[in-house]
Amino acid sequence: MSATLVALATIFSQLSLLAFGGGNTILPEMQRQVVQVHHWMSAEQFTALFALAQAAPGPNMMIVTMIGWHVAGWPGFIVSTLAKFGPSSLVTAASLHAWERFKDRPWRRYVQSGMTPVTVGLVAASAALISHASNQAAIQWAITAACAALAFRTRIHPLWLLAAGAAIGATGFGQI
Amino acid sequence: MATDSRVSAADGREVGVGELFVGFLRLGLISFGGALPFVRRAVVEQRRWLSSEEFIDLLGLCQFLPGGNVINLSVAIGMRFRGAMGALAAITGFIAVPSLIVIALGVVYAKTQHDPIVHHMFGGLAAAAAGLLVAMAMKVAKPIVRSPEGIFVAAVIFAAIALVRLPLLPTMLVLTPLSIALAWRRQRRALSAHKDTVK
């Protein structure tokens, strides 16, 4: 039990500090650790938890909370939450003053524009891995493609897209 | 620069720890599908804690640092008004209710995941959530579509993480400095080309 908690703390505090460009960039590594390295759940379960967390209110990394709770109950929930949000929050709090000082330095712009392609690659990897893990039937790939196009092109609220996907899914049409 | 942690709000009021907690608690409840627009409306327009410019500047910092943008924003806003206690109040308020909701959803999922209708419903929900991620990837890619170096770095990262499934830490340690060096070289070249044309 406590070995599990130590593993949760190690994984999520490391991910917390690596999450440049937001939470979605660390999904592949999270999935690798949770599914491949520790075998805490299947890739399909991981994807279902991710989808649930997306449908819930609040910040978008609530999947961490669910993994902690799924793996080790309330202690897992507390350890994962602290490990995921603690380190990055300490960095933010500590950087507040320095940010003001370096506001107009040119290197800040180089670092920022250098980080963008890294974020793009990581978010694209997240999208590919989550799609691959969740979609077994052709109808699911169709839902993914339609949601991607609508979310990219229109201003439809994402919650409607999730609801529509769930409703089409519930009919069982095209799924095994 | 003011080193006093008691900065006042955009309209001159003092913002207390309790107000920070309650403000972010409400935000945690109402912000579905990406919290940023809700946070901006509450912080700038409704509660007037920050001016629009201050908000954009803080958001720039929060996007630059590791961690979720909006989580970092709650910490930065709390810290700005009430120091460490304010930061703690803001982030705790923000994640308290969503945490309980996702755990409740997790319990329901664990109990019903073998029911065929629920199973199919999750098939559709997960496919839709994947689609939102694809759209997100397309949106963040907009600034780099005209930069060959940027596309190259993004493609290498994608291959390393999604196809080869390399661990994130060593991949980032190698590729992030490379990407920053390429961005630096590109902007230096653009700058000297600009100077040449001015001559």
# chains A, B, ... in the order shown; residues from 1 in each chain; ligands from 1
>>> residues_around(residues="Leu175 (chain B)", least_positions_apart="6", cutoff="12 Å", atoms="only C-alpha atoms", output="PyMOL selection string")
(chain A and resi 114-119+121-122) or (chain B and resi 150+152-158+160-161+168-169+181-182)
>>> write_last_selection(atoms="all heavy atoms", output="short mmCIF file (atom, residue, chain, number, x, y, z; two decimals), in the first residue's frame")
data_model
loop_
_atom_site.label_atom_id
_atom_site.label_comp_id
_atom_site.auth_asym_id
_atom_site.auth_seq_id
_atom_site.Cartn_x
_atom_site.Cartn_y
_atom_site.Cartn_z
N GLY A 114 10.45 28.77 -28.39
CA GLY A 114 11.03 27.43 -28.49
C GLY A 114 10.16 26.38 -27.83
O GLY A 114 10.18 25.22 -28.22
N MET A 115 9.38 26.78 -26.83
CA MET A 115 8.52 25.82 -26.12
C MET A 115 7.30 25.44 -26.96
O MET A 115 6.75 24.36 -26.80
CB MET A 115 8.03 26.40 -24.79
CG MET A 115 9.06 26.54 -23.70
SD MET A 115 9.86 25.01 -23.25
CE MET A 115 8.49 24.10 -22.56
N THR A 116 6.87 26.35 -27.85
CA THR A 116 5.62 26.09 -28.57
C THR A 116 5.63 24.78 -29.37
O THR A 116 4.70 23.98 -29.22
CB THR A 116 5.28 27.28 -29.49
OG1 THR A 116 5.31 28.46 -28.69
CG2 THR A 116 3.91 27.14 -30.11
N PRO A 117 6.67 24.52 -30.21
CA PRO A 117 6.65 23.24 -30.95
C PRO A 117 6.65 22.03 -30.03
O PRO A 117 6.05 21.00 -30.37
CB PRO A 117 7.96 23.29 -31.76
CG PRO A 117 8.38 24.70 -31.78
CD PRO A 117 7.84 25.34 -30.56
N VAL A 118 7.32 22.14 -28.88
CA VAL A 118 7.34 21.03 -27.93
C VAL A 118 5.91 20.76 -27.45
O VAL A 118 5.45 19.61 -27.43
CB VAL A 118 8.26 21.37 -26.73
CG1 VAL A 118 8.23 20.25 -25.70
CG2 VAL A 118 9.68 21.61 -27.21
N THR A 119 5.19 21.84 -27.10
CA THR A 119 3.80 21.68 -26.67
C THR A 119 2.96 21.07 -27.78
O THR A 119 2.16 20.15 -27.52
CB THR A 119 3.22 23.06 -26.28
OG1 THR A 119 4.05 23.62 -25.26
CG2 THR A 119 1.80 22.94 -25.76
N GLY A 121 3.86 19.09 -30.26
CA GLY A 121 4.17 17.66 -30.40
C GLY A 121 3.54 16.84 -29.29
O GLY A 121 3.00 15.76 -29.54
N LEU A 122 3.58 17.38 -28.07
CA LEU A 122 3.06 16.61 -26.93
C LEU A 122 1.54 16.53 -26.94
O LEU A 122 0.97 15.48 -26.64
CB LEU A 122 3.55 17.23 -25.61
CG LEU A 122 5.05 17.07 -25.34
CD1 LEU A 122 5.46 17.85 -24.10
CD2 LEU A 122 5.42 15.61 -25.19
N GLY B 150 9.87 24.48 -36.46
CA GLY B 150 8.83 24.17 -35.48
C GLY B 150 8.14 22.86 -35.81
O GLY B 150 7.95 22.01 -34.94
N PHE B 152 9.35 20.44 -37.58
CA PHE B 152 10.32 19.37 -37.37
C PHE B 152 10.37 18.94 -35.90
O PHE B 152 10.25 17.76 -35.58
CB PHE B 152 11.71 19.85 -37.84
CG PHE B 152 12.83 18.93 -37.48
CD1 PHE B 152 12.99 17.72 -38.13
CD2 PHE B 152 13.72 19.27 -36.47
CE1 PHE B 152 14.02 16.86 -37.79
CE2 PHE B 152 14.76 18.41 -36.12
CZ PHE B 152 14.91 17.20 -36.78
N VAL B 153 10.51 19.92 -35.01
CA VAL B 153 10.60 19.60 -33.58
C VAL B 153 9.32 18.91 -33.11
O VAL B 153 9.35 17.89 -32.42
CB VAL B 153 10.88 20.87 -32.74
CG1 VAL B 153 10.74 20.57 -31.25
CG2 VAL B 153 12.26 21.42 -33.05
N ALA B 154 8.16 19.46 -33.52
CA ALA B 154 6.89 18.87 -33.10
C ALA B 154 6.77 17.43 -33.60
O ALA B 154 6.32 16.54 -32.87
CB ALA B 154 5.72 19.72 -33.61
N ALA B 155 7.22 17.18 -34.84
CA ALA B 155 7.12 15.83 -35.41
C ALA B 155 8.03 14.86 -34.66
O ALA B 155 7.64 13.72 -34.37
CB ALA B 155 7.48 15.85 -36.89
N VAL B 156 9.25 15.32 -34.33
CA VAL B 156 10.17 14.44 -33.60
C VAL B 156 9.60 14.10 -32.22
O VAL B 156 9.63 12.94 -31.78
CB VAL B 156 11.58 15.10 -33.47
CG1 VAL B 156 12.46 14.28 -32.55
CG2 VAL B 156 12.22 15.25 -34.84
N ILE B 157 9.06 15.12 -31.54
CA ILE B 157 8.47 14.88 -30.21
C ILE B 157 7.31 13.90 -30.33
O ILE B 157 7.18 12.96 -29.54
CB ILE B 157 7.97 16.20 -29.60
CG1 ILE B 157 9.13 17.14 -29.36
CG2 ILE B 157 7.18 15.95 -28.33
CD1 ILE B 157 9.42 17.49 -27.96
N PHE B 158 6.45 14.13 -31.33
CA PHE B 158 5.30 13.25 -31.52
C PHE B 158 5.76 11.80 -31.71
O PHE B 158 5.26 10.89 -31.06
CB PHE B 158 4.49 13.70 -32.74
CG PHE B 158 3.32 12.83 -33.05
CD1 PHE B 158 2.11 13.03 -32.39
CD2 PHE B 158 3.41 11.78 -33.95
CE1 PHE B 158 1.02 12.20 -32.65
CE2 PHE B 158 2.33 10.96 -34.22
CZ PHE B 158 1.13 11.17 -33.57
N ALA B 160 8.64 10.41 -30.85
CA ALA B 160 9.30 9.88 -29.65
C ALA B 160 8.28 9.46 -28.60
O ALA B 160 8.40 8.42 -27.97
CB ALA B 160 10.27 10.92 -29.09
N ILE B 161 7.24 10.28 -28.41
CA ILE B 161 6.30 10.05 -27.31
C ILE B 161 5.18 9.10 -27.72
O ILE B 161 4.84 8.16 -27.00
CB ILE B 161 5.72 11.39 -26.81
CG1 ILE B 161 6.83 12.27 -26.24
CG2 ILE B 161 4.63 11.16 -25.77
CD1 ILE B 161 7.47 11.76 -24.98
N LEU B 168 9.03 10.76 -20.88
CA LEU B 168 8.93 12.21 -21.14
C LEU B 168 10.18 12.98 -20.71
O LEU B 168 10.65 13.86 -21.43
CB LEU B 168 7.68 12.76 -20.42
CG LEU B 168 7.37 14.24 -20.58
CD1 LEU B 168 7.11 14.59 -22.03
CD2 LEU B 168 6.17 14.62 -19.73
N LEU B 169 10.70 12.67 -19.52
CA LEU B 169 11.79 13.49 -18.96
C LEU B 169 13.02 13.55 -19.87
O LEU B 169 13.43 14.64 -20.27
CB LEU B 169 12.14 13.00 -17.54
CG LEU B 169 13.24 13.76 -16.81
CD1 LEU B 169 12.89 15.23 -16.65
CD2 LEU B 169 13.53 13.16 -15.44
N ALA B 181 17.09 26.63 -29.03
CA ALA B 181 18.23 27.07 -29.85
C ALA B 181 17.79 27.37 -31.28
O ALA B 181 18.21 28.36 -31.87
CB ALA B 181 19.32 25.99 -29.84
N LEU B 182 16.92 26.51 -31.83
CA LEU B 182 16.42 26.74 -33.19
C LEU B 182 15.61 28.03 -33.26
O LEU B 182 15.76 28.81 -34.21
CB LEU B 182 15.56 25.55 -33.65
CG LEU B 182 16.30 24.27 -34.03
CD1 LEU B 182 15.31 23.14 -34.30
CD2 LEU B 182 17.17 24.51 -35.26
#
>>> closest_atom_pairs(of="region 24-72 of chain B", to="region 37-57 of chain A", cutoff="8 Å", atoms="only C-alpha atoms", output="JSON lines")
{"residue": "B:Gly28", "atom": "CA", "partner": "A:Pro57", "partner_atom": "CA", "distance": 6.5}
{"residue": "B:Leu29", "atom": "CA", "partner": "A:Pro57", "partner_atom": "CA", "distance": 5.9}
{"residue": "B:Ile30", "atom": "CA", "partner": "A:Pro57", "partner_atom": "CA", "distance": 6.4}
{"residue": "B:Ser31", "atom": "CA", "partner": "A:Pro57", "partner_atom": "CA", "distance": 5.4}
{"residue": "B:Phe32", "atom": "CA", "partner": "A:Pro57", "partner_atom": "CA", "distance": 4.4}
{"residue": "B:Gly33", "atom": "CA", "partner": "A:Gln54", "partner_atom": "CA", "distance": 6.6}
>>> write_last_selection(atoms="N, CA and C atoms", output="mmCIF file, in the first residue's frame")
data_model
loop_
_atom_site.group_PDB
_atom_site.id
_atom_site.type_symbol
_atom_site.label_atom_id
_atom_site.label_comp_id
_atom_site.auth_asym_id
_atom_site.auth_seq_id
_atom_site.Cartn_x
_atom_site.Cartn_y
_atom_site.Cartn_z
ATOM 1 N N GLY B 28 -14.814 26.685 -9.564
ATOM 2 C CA GLY B 28 -14.645 25.242 -9.709
ATOM 3 C C GLY B 28 -15.955 24.565 -10.061
ATOM 4 N N LEU B 29 -17.053 25.115 -9.580
ATOM 5 C CA LEU B 29 -18.377 24.530 -9.815
ATOM 6 C C LEU B 29 -18.901 24.808 -11.211
ATOM 7 N N ILE B 30 -18.651 26.009 -11.714
ATOM 8 C CA ILE B 30 -19.325 26.401 -12.956
ATOM 9 C C ILE B 30 -18.482 26.213 -14.205
ATOM 10 N N SER B 31 -17.156 26.009 -14.043
ATOM 11 C CA SER B 31 -16.345 26.018 -15.261
ATOM 12 C C SER B 31 -16.266 24.629 -15.879
ATOM 13 N N PHE B 32 -17.107 24.434 -16.891
ATOM 14 C CA PHE B 32 -17.103 23.185 -17.649
ATOM 15 C C PHE B 32 -16.303 23.374 -18.925
ATOM 16 N N GLY B 33 -15.563 22.309 -19.297
ATOM 17 C CA GLY B 33 -14.911 22.298 -20.602
ATOM 18 C C GLY B 33 -13.882 23.394 -20.780
#
>>> atom_distance(atom1="CA of Arg153 (chain A)", atom2="CA of Gln46 (chain B)")
28.9 Å
>>> residues_around(residues="Ser89 (chain A)", least_positions_apart="2", cutoff="10 Å", atoms="only C-alpha atoms", output="PDB file with N, CA and C atoms, in the first residue's frame")
ATOM      1  N   SER A  16       4.099  16.934 -12.582  1.00  0.00           N
ATOM      2  CA  SER A  16       3.724  18.303 -12.230  1.00  0.00           C
ATOM      3  C   SER A  16       4.758  19.296 -12.747  1.00  0.00           C
ATOM      4  N   LEU A  17       6.033  18.939 -12.598  1.00  0.00           N
ATOM      5  CA  LEU A  17       7.103  19.857 -12.991  1.00  0.00           C
ATOM      6  C   LEU A  17       7.422  19.778 -14.486  1.00  0.00           C
ATOM      7  N   LEU A  82      -1.870  16.277  -3.993  1.00  0.00           N
ATOM      8  CA  LEU A  82      -0.760  17.103  -3.508  1.00  0.00           C
ATOM      9  C   LEU A  82       0.426  17.025  -4.458  1.00  0.00           C
ATOM     10  N   LYS A  84       0.455  16.290  -7.662  1.00  0.00           N
ATOM     11  CA  LYS A  84       0.212  16.887  -8.984  1.00  0.00           C
ATOM     12  C   LYS A  84       0.179  18.410  -8.916  1.00  0.00           C
ATOM     13  N   PHE A  85      -0.486  18.953  -7.898  1.00  0.00           N
ATOM     14  CA  PHE A  85      -0.675  20.405  -7.876  1.00  0.00           C
ATOM     15  C   PHE A  85       0.367  21.139  -7.029  1.00  0.00           C
ATOM     16  N   GLY A  86       1.006  20.437  -6.077  1.00  0.00           N
ATOM     17  CA  GLY A  86       1.947  21.095  -5.161  1.00  0.00           C
ATOM     18  C   GLY A  86       3.173  21.679  -5.841  1.00  0.00           C
ATOM     19  N   PRO A  87       4.015  20.824  -6.486  1.00  0.00           N
ATOM     20  CA  PRO A  87       5.273  21.345  -7.025  1.00  0.00           C
ATOM     21  C   PRO A  87       5.092  22.481  -8.029  1.00  0.00           C
ATOM     22  N   VAL A  91       6.373  26.488  -7.709  1.00  0.00           N
ATOM     23  CA  VAL A  91       7.157  27.179  -8.740  1.00  0.00           C
ATOM     24  C   VAL A  91       6.462  28.482  -9.140  1.00  0.00           C
ATOM     25  N   THR A  92       5.135  28.413  -9.336  1.00  0.00           N
ATOM     26  CA  THR A  92       4.387  29.617  -9.727  1.00  0.00           C
ATOM     27  C   THR A  92       4.507  30.699  -8.664  1.00  0.00           C
ATOM     28  N   ALA A  93       4.281  30.309  -7.410  1.00  0.00           N
ATOM     29  CA  ALA A  93       4.327  31.286  -6.323  1.00  0.00           C
ATOM     30  C   ALA A  93       5.709  31.922  -6.246  1.00  0.00           C
ATOM     31  N   ALA A  94       6.748  31.092  -6.439  1.00  0.00           N
ATOM     32  CA  ALA A  94       8.113  31.603  -6.313  1.00  0.00           C
ATOM     33  C   ALA A  94       8.504  32.488  -7.491  1.00  0.00           C
ATOM     34  N   SER A  95       7.863  32.266  -8.652  1.00  0.00           N
ATOM     35  CA  SER A  95       8.290  32.995  -9.859  1.00  0.00           C
ATOM     36  C   SER A  95       7.640  34.359 -10.023  1.00  0.00           C
TER      37      SER A  95
ATOM     38  N   CYS B  62       1.676  32.125 -16.249  1.00  0.00           N
ATOM     39  CA  CYS B  62       1.118  30.812 -15.906  1.00  0.00           C
ATOM     40  C   CYS B  62       1.206  29.842 -17.066  1.00  0.00           C
ATOM     41  N   LEU B  65       5.053  28.644 -17.207  1.00  0.00           N
ATOM     42  CA  LEU B  65       5.508  27.712 -16.165  1.00  0.00           C
ATOM     43  C   LEU B  65       4.838  26.350 -16.323  1.00  0.00           C
ATOM     44  N   PRO B  66       5.452  25.291 -15.723  1.00  0.00           N
ATOM     45  CA  PRO B  66       4.792  23.981 -15.771  1.00  0.00           C
ATOM     46  C   PRO B  66       3.510  23.979 -14.946  1.00  0.00           C
ATOM     47  N   GLY B  67       2.590  23.087 -15.289  1.00  0.00           N
ATOM     48  CA  GLY B  67       1.324  22.984 -14.556  1.00  0.00           C
ATOM     49  C   GLY B  67       0.177  23.517 -15.374  1.00  0.00           C
ATOM     50  N   GLY B  68      -1.045  23.200 -14.959  1.00  0.00           N
ATOM     51  CA  GLY B  68      -2.222  23.683 -15.675  1.00  0.00           C
ATOM     52  C   GLY B  68      -2.276  25.207 -15.610  1.00  0.00           C
ATOM     53  N   ILE B  71      -4.886  26.423 -12.970  1.00  0.00           N
ATOM     54  CA  ILE B  71      -4.429  26.104 -11.618  1.00  0.00           C
ATOM     55  C   ILE B  71      -3.355  27.108 -11.201  1.00  0.00           C
ATOM     56  N   ASN B  72      -2.381  27.317 -12.087  1.00  0.00           N
ATOM     57  CA  ASN B  72      -1.312  28.274 -11.790  1.00  0.00           C
ATOM     58  C   ASN B  72      -1.875  29.675 -11.583  1.00  0.00           C
ATOM     59  N   LEU B  73      -2.892  30.007 -12.384  1.00  0.00           N
ATOM     60  CA  LEU B  73      -3.500  31.330 -12.274  1.00  0.00           C
ATOM     61  C   LEU B  73      -4.145  31.517 -10.897  1.00  0.00           C
ATOM     62  N   SER B  74      -4.806  30.472 -10.402  1.00  0.00           N
ATOM     63  CA  SER B  74      -5.418  30.584  -9.070  1.00  0.00           C
ATOM     64  C   SER B  74      -4.337  30.824  -8.016  1.00  0.00           C
ATOM     65  N   VAL B  75      -3.218  30.103  -8.145  1.00  0.00           N
ATOM     66  CA  VAL B  75      -2.109  30.279  -7.192  1.00  0.00           C
ATOM     67  C   VAL B  75      -1.545  31.699  -7.282  1.00  0.00           C
ATOM     68  N   ALA B  76      -1.336  32.163  -8.533  1.00  0.00           N
ATOM     69  CA  ALA B  76      -0.732  33.489  -8.718  1.00  0.00           C
ATOM     70  C   ALA B  76      -1.639  34.590  -8.177  1.00  0.00           C
ATOM     71  N   ALA B  87      -2.773  31.944  -1.744  1.00  0.00           N
ATOM     72  CA  ALA B  87      -2.567  30.958  -2.805  1.00  0.00           C
ATOM     73  C   ALA B  87      -3.220  29.632  -2.419  1.00  0.00           C
ATOM     74  N   LEU B  88      -3.014  29.240  -1.170  1.00  0.00           N
ATOM     75  CA  LEU B  88      -3.581  27.976  -0.682  1.00  0.00           C
ATOM     76  C   LEU B  88      -5.110  28.024  -0.723  1.00  0.00           C
ATOM     77  N   ILE B  91      -6.358  27.842  -4.560  1.00  0.00           N
ATOM     78  CA  ILE B  91      -6.250  26.550  -5.248  1.00  0.00           C
ATOM     79  C   ILE B  91      -7.121  25.497  -4.565  1.00  0.00           C
TER      80      ILE B  91
END
>>> closest_residue(among="B:Ala84, B:Val15, B:Val108, B:Ile180", to="chain A", atoms="only C-alpha atoms")
B:Ile180
>>> residues_around(residues="Gln140 (chain A)", least_positions_apart="5", cutoff="9 Å", atoms="only C-alpha atoms", output="mmCIF file with N, CA, C and O atoms, in the first residue's frame")
data_model
loop_
_atom_site.group_PDB
_atom_site.id
_atom_site.type_symbol
_atom_site.label_atom_id
_atom_site.label_comp_id
_atom_site.auth_asym_id
_atom_site.auth_seq_id
_atom_site.Cartn_x
_atom_site.Cartn_y
_atom_site.Cartn_z
ATOM 1 N N SER A 131 -7.053 8.757 -28.651
ATOM 2 C CA SER A 131 -7.944 8.263 -29.710
ATOM 3 C C SER A 131 -7.722 6.773 -29.937
ATOM 4 O O SER A 131 -8.671 5.994 -30.032
ATOM 5 N N SER A 134 -9.173 4.697 -27.078
ATOM 6 C CA SER A 134 -10.622 4.718 -26.860
ATOM 7 C C SER A 134 -11.390 4.142 -28.041
ATOM 8 O O SER A 134 -12.457 3.571 -27.869
ATOM 9 N N ASN A 135 -10.869 4.290 -29.255
ATOM 10 C CA ASN A 135 -11.673 3.970 -30.431
ATOM 11 C C ASN A 135 -11.406 2.582 -30.982
ATOM 12 O O ASN A 135 -10.342 2.310 -31.525
ATOM 13 N N ALA A 145 -13.634 12.362 -35.122
ATOM 14 C CA ALA A 145 -13.379 13.289 -36.231
ATOM 15 C C ALA A 145 -14.395 14.427 -36.244
ATOM 16 O O ALA A 145 -14.031 15.607 -36.407
ATOM 17 N N GLY A 165 -21.653 12.894 -28.132
ATOM 18 C CA GLY A 165 -20.865 11.660 -28.284
ATOM 19 C C GLY A 165 -21.399 10.553 -27.392
ATOM 20 O O GLY A 165 -21.574 9.408 -27.823
ATOM 21 N N GLY A 169 -23.124 7.132 -28.544
ATOM 22 C CA GLY A 169 -22.530 5.892 -28.033
ATOM 23 C C GLY A 169 -23.558 5.004 -27.348
ATOM 24 O O GLY A 169 -23.582 3.792 -27.558
ATOM 25 N N GLY A 174 -23.175 0.664 -34.182
ATOM 26 C CA GLY A 174 -21.843 0.476 -34.751
ATOM 27 C C GLY A 174 -20.801 -0.084 -33.796
ATOM 28 O O GLY A 174 -19.693 -0.392 -34.201
ATOM 29 N N GLN A 175 -21.146 -0.197 -32.499
ATOM 30 C CA GLN A 175 -20.172 -0.739 -31.560
ATOM 31 C C GLN A 175 -20.451 -2.223 -31.348
ATOM 32 O O GLN A 175 -21.560 -2.694 -31.525
ATOM 33 N N GLY B 123 -18.044 4.488 -24.606
ATOM 34 C CA GLY B 123 -17.374 4.407 -25.896
ATOM 35 C C GLY B 123 -17.543 5.700 -26.673
ATOM 36 O O GLY B 123 -16.596 6.234 -27.245
ATOM 37 N N GLY B 124 -18.783 6.227 -26.655
ATOM 38 C CA GLY B 124 -19.061 7.484 -27.361
ATOM 39 C C GLY B 124 -18.451 8.691 -26.674
ATOM 40 O O GLY B 124 -17.880 9.578 -27.319
ATOM 41 N N ALA B 126 -15.829 8.805 -24.636
ATOM 42 C CA ALA B 126 -14.370 8.818 -24.761
ATOM 43 C C ALA B 126 -13.963 9.238 -26.175
ATOM 44 O O ALA B 126 -12.983 9.967 -26.347
ATOM 45 N N ALA B 127 -14.722 8.788 -27.175
ATOM 46 C CA ALA B 127 -14.408 9.184 -28.548
ATOM 47 C C ALA B 127 -14.560 10.693 -28.723
ATOM 48 O O ALA B 127 -13.735 11.352 -29.372
ATOM 49 N N ALA B 128 -15.603 11.267 -28.113
ATOM 50 C CA ALA B 128 -15.803 12.718 -28.188
ATOM 51 C C ALA B 128 -14.689 13.458 -27.457
ATOM 52 O O ALA B 128 -14.171 14.476 -27.957
#
>>> select_by_dssp(residues="region 14-187 of chain B", states="helix (DSSP H, G or I)", output="NGL selection string")
:B and (17-30 or 36-46 or 52-64 or 69-112 or 116-144 or 148-163 or 168-187)
>>> residues_around(residues="region 111-119 of chain B", least_positions_apart="5", cutoff="8 Å", atoms="only C-alpha atoms", output="PyMOL selection string")
chain A and resi 170-172
